[in-house]
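See below for entry.txt, which holds compact mmCIF, C-alpha atoms.
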```
# COMPACT_ATOMS: atom_id res chain seq x y z
CA MET A 38 -1.25 16.22 20.69
CA THR A 39 0.60 15.58 23.95
CA SER A 40 4.26 14.57 23.80
CA GLY A 41 3.32 10.92 24.42
CA SER A 42 0.68 10.82 21.71
CA THR A 43 3.02 12.57 19.27
CA ARG A 44 5.68 9.94 19.94
CA LEU A 45 3.13 7.18 19.37
CA ALA A 46 2.03 8.72 16.07
CA VAL A 47 5.67 8.93 14.95
CA VAL A 48 6.24 5.27 15.95
CA LEU A 49 3.23 4.13 13.92
CA ALA A 50 4.37 6.28 11.00
CA MET A 51 7.80 4.60 11.16
CA ALA A 52 6.13 1.18 10.97
CA MET A 53 4.09 2.30 7.95
CA PHE A 54 7.21 3.69 6.26
CA VAL A 55 8.97 0.32 6.54
CA LEU A 56 5.89 -1.49 5.27
CA VAL A 57 5.70 0.60 2.09
CA VAL A 58 9.39 1.15 1.38
CA ASP A 59 10.17 -2.59 1.58
CA THR A 60 8.67 -3.42 -1.82
CA SER A 61 10.29 -0.35 -3.42
CA LEU A 62 13.69 -1.53 -2.21
CA MET A 63 13.04 -4.96 -3.67
CA ASN A 64 11.90 -3.57 -7.02
CA VAL A 65 15.01 -1.47 -7.61
CA SER A 66 17.30 -4.23 -6.32
CA ILE A 67 16.17 -6.90 -8.80
CA SER A 68 19.24 -6.86 -11.02
CA ALA A 69 21.63 -6.81 -8.04
CA VAL A 70 19.78 -9.66 -6.32
CA VAL A 71 19.84 -11.69 -9.55
CA HIS A 72 23.60 -11.16 -9.87
CA ASP A 73 24.49 -11.90 -6.24
CA LEU A 74 22.25 -14.97 -5.81
CA HIS A 75 22.85 -16.36 -9.33
CA THR A 76 19.13 -16.55 -10.00
CA THR A 77 16.77 -15.16 -12.66
CA VAL A 78 14.81 -11.94 -13.07
CA SER A 79 11.56 -13.90 -13.43
CA GLY A 80 12.31 -15.72 -10.18
CA VAL A 81 12.78 -12.50 -8.21
CA GLN A 82 9.71 -10.93 -9.85
CA SER A 83 7.71 -14.02 -8.87
CA ALA A 84 8.79 -13.54 -5.25
CA ILE A 85 7.64 -9.89 -5.37
CA ALA A 86 4.30 -10.94 -6.85
CA LEU A 87 3.89 -13.69 -4.24
CA GLU A 88 4.44 -11.23 -1.39
CA ALA A 89 1.74 -8.92 -2.79
CA LEU A 90 -0.59 -11.88 -3.30
CA VAL A 91 -0.15 -13.28 0.23
CA SER A 92 -0.66 -9.91 1.95
CA ALA A 93 -3.79 -9.13 -0.09
CA ALA A 94 -5.31 -12.62 0.14
CA PHE A 95 -5.10 -12.83 3.93
CA ILE A 96 -5.83 -9.22 4.87
CA LEU A 97 -9.55 -9.67 5.64
CA ILE A 98 -9.09 -12.76 7.81
CA SER A 99 -6.05 -11.17 9.48
CA SER A 100 -8.16 -8.21 10.61
CA LYS A 101 -10.48 -10.66 12.39
CA ILE A 102 -7.53 -12.52 13.90
CA GLY A 103 -6.34 -9.17 15.24
CA ASP A 104 -9.59 -8.86 17.18
CA LEU A 105 -9.27 -12.37 18.61
CA ILE A 106 -5.61 -12.24 19.68
CA GLY A 107 -5.49 -8.51 20.44
CA ARG A 108 -4.74 -5.63 18.09
CA LYS A 109 -1.47 -4.73 19.79
CA ARG A 110 -0.33 -8.35 19.63
CA ALA A 111 -1.30 -8.55 15.95
CA PHE A 112 0.72 -5.38 15.34
CA VAL A 113 3.76 -6.89 17.07
CA ILE A 114 3.48 -10.24 15.24
CA GLY A 115 3.13 -8.40 11.94
CA LEU A 116 6.24 -6.35 12.67
CA ILE A 117 8.18 -9.47 13.63
CA GLY A 118 7.06 -11.13 10.38
CA TYR A 119 8.39 -8.14 8.48
CA ALA A 120 11.61 -8.23 10.50
CA ILE A 121 12.09 -11.90 9.59
CA GLY A 122 11.66 -11.00 5.92
CA ALA A 123 14.15 -8.13 6.16
CA LEU A 124 16.66 -10.34 7.99
CA ALA A 125 16.26 -13.03 5.33
CA MET A 126 17.02 -10.47 2.62
CA THR A 127 20.08 -9.30 4.53
CA LEU A 128 21.49 -12.84 4.82
CA ALA A 129 19.93 -14.59 1.78
CA LYS A 130 22.07 -17.01 -0.20
CA SER A 131 19.33 -18.38 -2.47
CA LEU A 132 15.99 -17.46 -4.03
CA SER A 133 14.17 -20.06 -1.91
CA THR A 134 15.10 -18.10 1.23
CA ILE A 135 13.52 -14.97 -0.26
CA ILE A 136 10.36 -16.83 -1.29
CA VAL A 137 9.79 -18.49 2.10
CA PHE A 138 10.81 -15.74 4.51
CA TRP A 139 10.42 -12.45 2.62
CA ALA A 140 7.45 -13.25 0.37
CA ILE A 141 5.38 -15.63 2.53
CA VAL A 142 6.31 -14.76 6.13
CA GLY A 143 6.65 -11.06 5.30
CA GLY A 144 3.40 -11.08 3.33
CA LEU A 145 1.52 -12.62 6.25
CA GLY A 146 3.12 -10.03 8.53
CA ALA A 147 1.86 -7.23 6.29
CA SER A 148 -1.67 -8.65 6.32
CA LEU A 149 -1.66 -8.47 10.14
CA LEU A 150 0.17 -5.16 10.41
CA LEU A 151 -1.95 -2.91 8.17
CA PRO A 152 -5.41 -3.36 9.77
CA ALA A 153 -3.92 -3.57 13.28
CA MET A 154 -2.13 -0.25 12.79
CA GLN A 155 -5.29 1.53 11.63
CA SER A 156 -7.28 0.01 14.51
CA LEU A 157 -4.68 1.14 17.06
CA ILE A 158 -4.84 4.72 15.75
CA HIS A 159 -8.63 4.57 16.15
CA GLY A 160 -8.31 3.29 19.73
CA ASN A 161 -5.39 5.44 20.95
CA PHE A 162 -6.38 8.87 19.60
CA GLU A 163 -9.52 10.99 19.65
CA GLY A 164 -10.80 14.06 17.83
CA ALA A 165 -8.18 16.35 16.30
CA ALA A 166 -5.32 14.16 17.57
CA GLN A 167 -6.78 11.19 15.68
CA LYS A 168 -6.96 13.24 12.47
CA ARG A 169 -3.32 14.28 12.85
CA ALA A 170 -2.22 10.71 13.55
CA TYR A 171 -3.98 9.40 10.45
CA ALA A 172 -2.46 12.27 8.45
CA LEU A 173 1.07 11.52 9.68
CA VAL A 174 0.79 7.79 8.96
CA GLY A 175 -0.74 8.49 5.54
CA ALA A 176 2.01 10.98 4.74
CA SER A 177 4.62 8.44 5.80
CA ALA A 178 3.16 5.87 3.41
CA ALA A 179 3.05 8.39 0.58
CA ILE A 180 6.61 9.57 0.98
CA ALA A 181 7.85 5.97 1.34
CA ALA A 182 6.23 5.07 -1.98
CA ALA A 183 7.92 8.01 -3.69
CA VAL A 184 11.28 7.99 -1.88
CA GLY A 185 11.67 4.20 -1.92
CA PRO A 186 13.14 4.05 -5.44
CA LEU A 187 15.59 6.85 -4.59
CA LEU A 188 16.71 5.18 -1.37
CA GLY A 189 16.92 1.80 -3.08
CA GLY A 190 18.88 3.24 -5.98
CA PHE A 191 21.35 4.90 -3.62
CA VAL A 192 22.09 1.89 -1.41
CA THR A 193 22.18 -0.49 -4.40
CA THR A 194 24.54 1.78 -6.38
CA TYR A 195 26.92 2.89 -3.63
CA LEU A 196 26.62 0.25 -0.90
CA SER A 197 24.68 -3.02 -1.26
CA TRP A 198 21.04 -3.96 -1.67
CA ARG A 199 21.39 -5.83 1.64
CA VAL A 200 22.05 -2.54 3.46
CA GLY A 201 18.56 -1.26 2.67
CA PHE A 202 16.93 -4.26 4.33
CA MET A 203 19.35 -3.99 7.25
CA LEU A 204 18.13 -0.40 7.76
CA GLU A 205 14.57 -1.75 7.84
CA LEU A 206 15.61 -4.00 10.73
CA VAL A 207 16.95 -0.99 12.62
CA VAL A 208 13.67 0.93 12.19
CA ILE A 209 11.60 -2.11 13.25
CA ALA A 210 13.81 -2.53 16.34
CA ILE A 211 13.18 1.12 17.29
CA VAL A 212 9.42 0.65 16.89
CA LEU A 213 9.47 -2.51 19.04
CA THR A 214 11.23 -0.65 21.85
CA GLN A 215 8.35 1.86 21.97
CA LEU A 216 5.50 -0.63 22.40
CA GLY A 217 4.81 0.71 25.88
CA LEU A 218 3.27 3.79 24.26
CA ILE A 219 0.51 1.70 22.66
CA ARG A 220 -2.69 1.11 24.59
CA ASP A 221 -4.49 -2.04 23.48
CA VAL A 222 -8.27 -1.84 23.13
CA LEU A 223 -9.99 -5.07 24.12
CA TYR A 224 -12.42 -6.62 21.66
CA THR A 225 -15.82 -7.30 23.26
CA GLY A 226 -17.55 -9.01 20.31
CA PRO A 227 -18.06 -12.76 19.72
CA ARG A 228 -14.82 -14.73 19.94
CA LYS A 229 -15.59 -17.34 17.31
CA LEU A 230 -14.31 -17.95 13.81
CA ASP A 231 -16.09 -18.18 10.47
CA PRO A 232 -13.94 -20.76 8.60
CA VAL A 233 -16.02 -20.74 5.40
CA GLY A 234 -16.01 -16.94 5.24
CA ALA A 235 -12.27 -16.92 5.88
CA LEU A 236 -11.62 -19.36 3.02
CA LEU A 237 -13.88 -17.42 0.64
CA SER A 238 -12.12 -14.14 1.52
CA VAL A 239 -8.70 -15.66 0.81
CA PHE A 240 -9.94 -17.24 -2.44
CA GLY A 241 -11.72 -14.08 -3.62
CA MET A 242 -9.10 -11.47 -2.73
CA GLY A 243 -6.28 -13.79 -3.79
CA GLY A 244 -7.89 -14.49 -7.16
CA VAL A 245 -8.53 -10.84 -8.01
CA VAL A 246 -5.05 -9.70 -6.98
CA LEU A 247 -3.41 -12.67 -8.74
CA GLY A 248 -5.23 -11.74 -11.94
CA ILE A 249 -4.06 -8.14 -11.64
CA LEU A 250 -0.46 -9.27 -11.06
CA VAL A 251 -0.62 -11.56 -14.12
CA TRP A 252 -2.02 -8.63 -16.14
CA GLN A 253 0.80 -6.42 -14.90
CA GLU A 254 3.36 -8.94 -16.16
CA GLY A 255 1.61 -9.36 -19.52
CA GLY A 256 0.46 -12.92 -18.79
CA GLU A 257 -2.50 -14.88 -20.16
CA TYR A 258 -5.95 -15.84 -18.84
CA VAL A 259 -6.18 -12.55 -16.93
CA GLY A 260 -9.96 -12.28 -17.36
CA LEU A 261 -10.48 -15.86 -16.21
CA ILE A 262 -8.37 -15.43 -13.09
CA ILE A 263 -9.95 -12.09 -12.11
CA GLY A 264 -13.41 -13.48 -12.88
CA THR A 265 -12.75 -16.49 -10.64
CA GLY A 266 -11.65 -14.18 -7.83
CA ALA A 267 -14.69 -11.95 -8.34
CA LEU A 268 -16.91 -15.03 -8.17
CA GLY A 269 -15.25 -15.89 -4.84
CA LEU A 270 -15.97 -12.38 -3.52
CA TYR A 271 -19.59 -12.65 -4.69
CA ALA A 272 -19.91 -15.97 -2.86
CA LEU A 273 -18.37 -14.33 0.21
CA ALA A 274 -20.92 -11.51 0.09
CA ARG A 275 -23.83 -13.96 -0.16
CA TRP A 276 -22.39 -16.05 2.66
CA LEU A 277 -21.93 -13.03 4.94
CA VAL A 278 -25.47 -11.77 4.37
CA ARG A 279 -26.98 -15.19 5.04
CA ARG A 280 -24.91 -15.80 8.20
CA HIS A 281 -25.69 -12.32 9.48
CA ARG A 282 -29.44 -12.83 9.03
CA GLU A 283 -29.16 -16.09 10.97
CA GLY A 284 -27.39 -14.28 13.81
CA LYS A 285 -24.17 -16.26 13.36
CA VAL A 286 -20.56 -15.08 13.50
CA THR A 287 -19.12 -13.69 10.26
CA VAL A 288 -15.56 -12.93 9.22
CA LEU A 289 -16.80 -9.46 8.26
CA ASP A 290 -19.94 -7.58 9.29
CA PRO A 291 -21.90 -6.88 6.06
CA ASP A 292 -23.74 -4.00 7.79
CA LEU A 293 -20.55 -1.96 7.47
CA PHE A 294 -21.41 -1.41 3.83
CA ARG A 295 -24.72 0.20 4.82
CA LEU A 296 -22.76 3.15 6.23
CA PRO A 297 -22.45 5.87 3.53
CA HIS A 298 -19.15 7.23 4.89
CA PHE A 299 -17.61 3.78 4.84
CA ARG A 300 -18.73 2.93 1.28
CA ILE A 301 -17.63 6.28 -0.09
CA GLY A 302 -14.37 6.20 1.86
CA ILE A 303 -13.40 2.76 0.57
CA THR A 304 -14.14 3.84 -3.00
CA GLN A 305 -12.08 7.01 -2.60
CA GLN A 306 -9.21 5.08 -0.98
CA THR A 307 -9.16 2.72 -3.95
CA LEU A 308 -9.20 5.56 -6.50
CA GLN A 309 -6.42 7.43 -4.70
CA GLN A 310 -4.24 4.32 -4.71
CA VAL A 311 -4.99 3.72 -8.42
CA THR A 312 -3.64 7.22 -9.11
CA LEU A 313 -0.57 6.73 -6.94
CA GLY A 314 0.15 3.25 -8.32
CA GLY A 315 -0.09 4.42 -11.93
CA ALA A 316 2.19 7.38 -11.29
CA MET A 317 4.76 5.31 -9.42
CA ILE A 318 5.34 2.98 -12.37
CA THR A 319 4.76 5.31 -15.34
CA LEU A 320 6.98 8.19 -14.27
CA PRO A 321 10.08 6.15 -13.28
CA ILE A 322 9.82 4.18 -16.54
CA PHE A 323 9.60 7.42 -18.55
CA LEU A 324 12.55 8.96 -16.73
CA GLN A 325 14.80 5.89 -16.87
CA ILE A 326 13.96 4.64 -20.40
CA ARG A 327 12.97 7.76 -22.35
CA LEU A 328 15.35 10.23 -20.67
CA GLU A 329 17.92 7.54 -19.75
CA TYR A 330 18.11 8.69 -16.13
CA SER A 331 19.75 6.53 -13.45
CA ALA A 332 17.67 5.32 -10.50
CA MET A 333 19.13 8.16 -8.44
CA GLN A 334 18.29 10.80 -11.05
CA ALA A 335 14.78 9.43 -11.47
CA GLY A 336 14.24 9.48 -7.73
CA LEU A 337 15.42 13.09 -7.50
CA SER A 338 13.12 14.07 -10.37
CA LEU A 339 10.18 12.58 -8.47
CA ALA A 340 11.15 14.31 -5.22
CA PRO A 341 8.75 17.26 -5.85
CA LEU A 342 5.84 14.79 -5.85
CA SER A 343 6.87 13.05 -2.62
CA LEU A 344 7.90 16.20 -0.74
CA THR A 345 4.72 18.05 -1.72
CA MET A 346 2.62 15.05 -0.69
CA PHE A 347 4.28 14.97 2.71
CA ALA A 348 4.04 18.73 3.25
CA PHE A 349 0.36 18.98 2.32
CA ALA A 350 -0.55 15.87 4.31
CA MET A 351 1.04 17.36 7.43
CA LEU A 352 -0.45 20.80 6.74
CA ALA A 353 -3.95 19.36 6.32
CA GLY A 354 -3.56 17.25 9.45
CA ARG A 355 -2.58 20.26 11.52
CA ARG A 356 -4.74 22.98 9.94
CA ALA A 357 -7.92 21.15 9.00
CA GLY A 358 -9.68 22.38 12.16
CA ASP A 359 -13.45 22.17 11.81
CA ARG A 360 -13.36 21.81 8.04
CA ARG A 361 -15.31 18.81 6.82
CA PRO A 362 -13.01 16.01 5.61
CA ALA A 363 -15.30 15.56 2.58
CA SER A 364 -14.52 19.07 1.33
CA ILE A 365 -10.75 18.54 1.75
CA VAL A 366 -11.02 15.22 -0.09
CA ARG A 367 -12.82 16.90 -3.01
CA VAL A 368 -10.07 19.51 -3.29
CA GLY A 369 -7.50 16.70 -3.11
CA PHE A 370 -9.07 14.79 -5.99
CA ALA A 371 -9.38 17.99 -8.06
CA LEU A 372 -5.69 18.86 -7.59
CA SER A 373 -4.57 15.26 -8.26
CA ALA A 374 -6.58 15.16 -11.49
CA ALA A 375 -5.27 18.59 -12.55
CA GLY A 376 -1.67 17.53 -11.96
CA MET A 377 -2.06 14.30 -13.93
CA LEU A 378 -3.83 16.10 -16.79
CA LEU A 379 -1.00 18.64 -16.95
CA LEU A 380 1.47 15.79 -17.39
CA ILE A 381 -0.28 14.41 -20.49
CA PRO A 382 0.83 17.10 -22.99
CA ILE A 383 4.19 17.68 -21.25
CA VAL A 384 5.58 14.14 -21.06
CA PRO A 385 5.81 13.47 -24.85
CA ARG A 386 7.76 16.72 -25.36
CA ALA A 387 9.90 16.75 -22.21
CA ASP A 388 13.65 16.25 -22.54
CA SER A 389 14.37 16.94 -18.87
CA GLY A 390 12.78 16.08 -15.53
CA TRP A 391 12.49 19.78 -14.78
CA TYR A 392 9.49 20.02 -17.11
CA LEU A 393 7.58 17.79 -14.69
CA LEU A 394 8.15 20.03 -11.67
CA VAL A 395 4.88 22.01 -11.61
CA PRO A 396 2.52 19.12 -12.51
CA LEU A 397 4.18 16.89 -9.91
CA MET A 398 3.80 19.55 -7.23
CA VAL A 399 0.11 20.05 -8.10
CA ALA A 400 -0.55 16.30 -8.08
CA GLY A 401 1.49 15.90 -4.90
CA ALA A 402 -0.57 18.58 -3.15
CA GLY A 403 -3.77 16.75 -4.07
CA LEU A 404 -2.48 13.33 -3.04
CA GLY A 405 -1.19 14.80 0.21
CA LEU A 406 -4.65 16.15 1.06
CA LEU A 407 -6.14 12.75 0.26
CA VAL A 408 -3.77 10.66 2.38
CA SER A 409 -4.29 13.05 5.29
CA GLN A 410 -8.07 12.62 5.34
CA LEU A 411 -9.24 9.36 3.80
CA ASN A 412 -8.46 6.97 6.67
CA ASP A 413 -10.02 9.32 9.20
CA TYR A 414 -13.04 9.92 6.96
CA THR A 415 -13.56 6.18 6.48
CA LEU A 416 -12.83 4.80 9.95
CA ALA A 417 -13.57 7.57 12.46
CA PRO A 418 -17.38 6.99 12.49
CA ILE A 419 -16.96 3.21 13.04
CA GLU A 420 -17.54 1.91 16.58
CA GLU A 421 -14.57 0.29 18.32
CA GLU A 422 -15.97 -3.25 18.14
CA ARG A 423 -16.04 -3.25 14.33
CA VAL A 424 -13.03 -1.07 13.53
CA SER A 425 -10.63 -3.97 12.85
CA GLU A 426 -12.97 -5.42 10.22
CA ALA A 427 -13.44 -1.96 8.72
CA ALA A 428 -9.67 -1.40 8.71
CA GLY A 429 -9.21 -4.74 6.94
CA VAL A 430 -11.59 -3.70 4.15
CA ASN A 431 -9.96 -0.27 3.99
CA SER A 432 -6.51 -1.86 3.64
CA ALA A 433 -7.80 -4.34 1.05
CA GLY A 434 -9.26 -1.49 -1.01
CA GLY A 435 -5.94 0.34 -0.89
CA SER A 436 -3.98 -2.78 -1.89
CA PHE A 437 -6.37 -3.49 -4.74
CA GLY A 438 -6.22 0.11 -6.00
CA LEU A 439 -2.42 0.22 -5.91
CA SER A 440 -2.12 -3.12 -7.74
CA PHE A 441 -4.72 -2.07 -10.31
CA GLY A 442 -3.00 1.25 -10.97
CA LEU A 443 0.34 -0.50 -11.44
CA ALA A 444 -1.20 -3.08 -13.78
CA VAL A 445 -3.03 -0.54 -15.96
CA ALA A 446 0.08 1.64 -16.28
CA ALA A 447 2.27 -1.38 -17.09
CA SER A 448 -0.25 -2.56 -19.71
CA PHE A 449 -0.30 0.82 -21.48
CA TRP A 450 3.50 0.99 -21.38
CA ARG A 451 3.82 -2.45 -22.98
CA ARG A 452 1.38 -1.48 -25.73
CA SER A 453 3.21 1.77 -26.46
CA ARG A 454 6.52 -0.11 -26.67
CA LEU A 455 4.96 -2.65 -29.01
CA ARG A 456 3.58 0.10 -31.27
CA SER A 457 6.94 1.87 -31.37
CA ARG A 458 8.65 -1.38 -32.44
CA THR A 459 6.15 -2.19 -35.17
CA ARG A 460 6.03 1.27 -36.79
CA PRO A 461 9.33 0.89 -38.73
CA ASN A 462 8.22 -2.50 -40.04
CA ARG A 463 4.99 -0.99 -41.33
CA ALA A 464 6.90 1.83 -43.00
CA ARG A 465 8.96 -0.69 -44.90
```
Write-out of the structure in structure tokens:
Amino acid sequence: MTSGSTRLAVVLAMAMFVLVVDTSLMNVSISAVVHDLHTTVSGVQSAIALEALVSAAFILISSKIGDLIGRKRAFVIGLIGYAIGALAMTLAKSLSTIIVFWAIVGGLGASLLLPAMQSLIHGNFEGAAQKRAYALVGASAAIAAAVGPLLGGFVTTYLSWRVGFMLELVVIAIVLTQLGLIRDVLYTGPRKLDPVGALLSVFGMGGVVLGILVWQEGGEYVGLIIGTGALGLYALARWLVRRHREGKVTVLDPDLFRLPHFRIGITQQTLQQVTLGGAMITLPIFLQIRLEYSAMQAGLSLAPLSLTMFAFAMLAGRRAGDRRPASIVRVGFALSAAGMLLLIPIVPRADSGWYLLVPLMVAGAGLGLLVSQLNDYTLAPIEEERVSEAAGVNSAGGSFGLSFGLAVAASFWRRSRLRSRTRPNRAR
């Protein structure tokens, strides 16, 4: 990379870091927010769920909007939406402020920011430089997911939960000052909307993610909600195919799914996020409840996972050379699976976070290889005209996988807690 392209990659990685770390800060700040704003835990959790729902529901239509208004402009608007959410958290005096500005405005900002960022990497880098840029941004997301609880625990314990969101504002301001590095790539396709497709995408994605969020919280009618969302996605698929055959504008080109690399890449992206999401809820719960660690101690215990992820993502981005991304991805999945399997017999017997060191490093190495390659593997073969739509699907797959991993892990944890509570009663 040249010095200019390296700076641009770092700027985009900073934007991704803020995007991912924001929710982690909110999760670890729940009790402090409840205390300071005189609200309820369920109210704050509802705001967190709403933000995830809004960003996932609108991500497909937002990728198309990015084409129509310009990918750079969509990136800027998304950042400003996130800045508004962070500012609202810094100054909030009530839960309604968080719901309107952090959950809704910030969620809409995220839906614009994610696909625009991936499209801009595709349009501003080529060849090996593009691989390294995707690797750096992927590594930034990975380390933000792992370091977020540690950072949130530190600022909440020793400063104030508002400080974390104030730091987000500082990072966003730095990114906005570097916009001159970004070259916008003009969209040359049809400049029309598909309102029906847009509504079906919001209904389908929103329904599926809402069902997963309800499942994660142990709610009812999960199957009905997810089934309704799946029905919406099925209707969207039928609508897209019919409109495409008629030669009309669609919110998403269905021919993308004819590309083997794209189909496989989306599936792998989803599976990788399922793994990461499950680990990011299961391990902190184990450390804080079973071992009675503080948020800081839990974050430090998970540091081997995040640091190894970052190191291997950067190493793969720089040293991949002519190696096929598919082979690196296979090694990544093998190491991730090996690390998670090693944890299974260790966790029930562990009385210290040190026992997790080796499995976390193995899993972190695998996840680092995955985040360094998957976006490039999925999006690099896509022509410029369709890359925003492809990035939207790629982002949606990642959001779905992360939510699903969190929900599955939370469900198993609730069941294990329930079994542990009922065992003494049975013994009596």
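Look at A:Leu90: the protein and nucleic acid residues within 8 Å of it, using all atoms listed in the file and passing over chain neighbours fewer than 6 places away, are Gly144, Gly243, Val246 and Leu247 of chain A.
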Within 8 Å of A:Glu421 using all atoms listed in the file, minus same-chain residues under 3 positions, as a list in words: His159, Gly160, Tyr224, Val424 and Ser425 of chain A
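Shell of A:Met333 at 12 Å, with only C-alpha atoms counted and residues fewer than 3 places along the chain excluded, is Val65, Val184, Gly185, Pro186, Leu187, Leu188, Gly189, Gly190, Phe191, Val192, Thr193, Thr194, Tyr195, Pro321, Leu324, Gln325, Glu329, Tyr330, Gly336, Leu337, Ser338, Leu339 and Ala340 of chain A.
Distances from A:Val445, A:Leu277, A:Ala120, A:Ala374 to A:Asp292 were compared using all atoms listed in the file, and the smallest one belongs to A:Leu277.
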Near-A:Lys101 list (9 Å; all atoms listed in the file; drop same-chain fewer than 2 positions) as a list in words: Ile96, Leu97, Ile98, Ser99, Gly103, Asp104, Leu105, Ile106, Leu230, Val288, Leu289, Ser425, Glu426 and Gly429 of chain A
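The two atoms in question, atom CA of A:Val47 and atom CA of A:Ser177, are spaced 9.2 Å apart.
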Env of A:Ser373: 6 Å cut, atoms = only C-alpha atoms, seq-sep filter 5 positions within chain, self excluded. Answer as a short mmCIF file (atom, residue, chain, number, x, y, z; two decimals) with C-alpha atoms, in the coordinates of the input.
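around_13.cif, freshly written:
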```cif
data_model
loop_
_atom_site.label_atom_id
_atom_site.label_comp_id
_atom_site.auth_asym_id
_atom_site.auth_seq_id
_atom_site.Cartn_x
_atom_site.Cartn_y
_atom_site.Cartn_z
CA ALA A 400 -0.55 16.30 -8.08
CA GLY A 403 -3.77 16.75 -4.07
CA LEU A 404 -2.48 13.33 -3.04
#
```
Closest pair table for stretch 99-135 of chain A residues within 12 Å of stretch 210-223 of chain A, only C-alpha atoms, as a tab-separated table:
```
residue	atom	partner	partner_atom	distance
A:Gly103	CA	A:Leu223	CA	10.4
A:Asp104	CA	A:Leu223	CA	7.9
A:Leu105	CA	A:Leu223	CA	9.2
A:Ile106	CA	A:Leu223	CA	9.5
A:Gly107	CA	A:Leu223	CA	6.8
A:Arg108	CA	A:Asp221	CA	6.5
A:Lys109	CA	A:Asp221	CA	5.5
A:Arg110	CA	A:Asp221	CA	8.5
A:Ala111	CA	A:Asp221	CA	10.5
A:Phe112	CA	A:Leu216	CA	9.8
A:Val113	CA	A:Leu213	CA	7.5
A:Ile114	CA	A:Leu213	CA	10.5
A:Gly115	CA	A:Leu213	CA	11.2
A:Leu116	CA	A:Leu213	CA	8.1
A:Ile117	CA	A:Leu213	CA	8.9
A:Tyr119	CA	A:Ala210	CA	11.1
A:Ala120	CA	A:Ala210	CA	8.5
A:Ile121	CA	A:Ala210	CA	11.7
A:Ala123	CA	A:Ala210	CA	11.6
A:Leu124	CA	A:Ala210	CA	11.8
```
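For the atom pair formed by atom CA of A:Pro291 and atom CA of A:Leu173, the distance is 29.7 Å, given to one decimal.
Atom CA of A:Phe202 is found 19.1 Å from atom CA of A:Gly80.
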Point (2.4, -9.2, 6.6), cut-off 10 Å, counting all atoms listed in the file, residues as a ChimeraX atom specification: /A:56,88-89,91-93,95-96,99,112,114-119,122,139-151
Output as lines of an AutoDock Vina configuration file the centre and edge lengths (Å, one decimal) of the box along x, y and z of the file that holds every listed atom of stretch 382-389 of chain A after adding 6 Å on each side.
```
center_x = 7.6
center_y = 15.6
center_z = -22.1
size_x = 25.5
size_y = 16.2
size_z = 18.5
```
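Compared by their closest atoms to A:Ala335, and using all atoms listed in the file, the residues A:Val174, A:Leu320, A:Met377, A:Leu74 rank with A:Leu320 nearest.
Comparing the minimum interatomic distances between A:Gly201 and each of A:Ala50, A:Gly434, A:Leu62, A:Val384, counting all atoms listed in the file, we find that A:Leu62 sits nearest.
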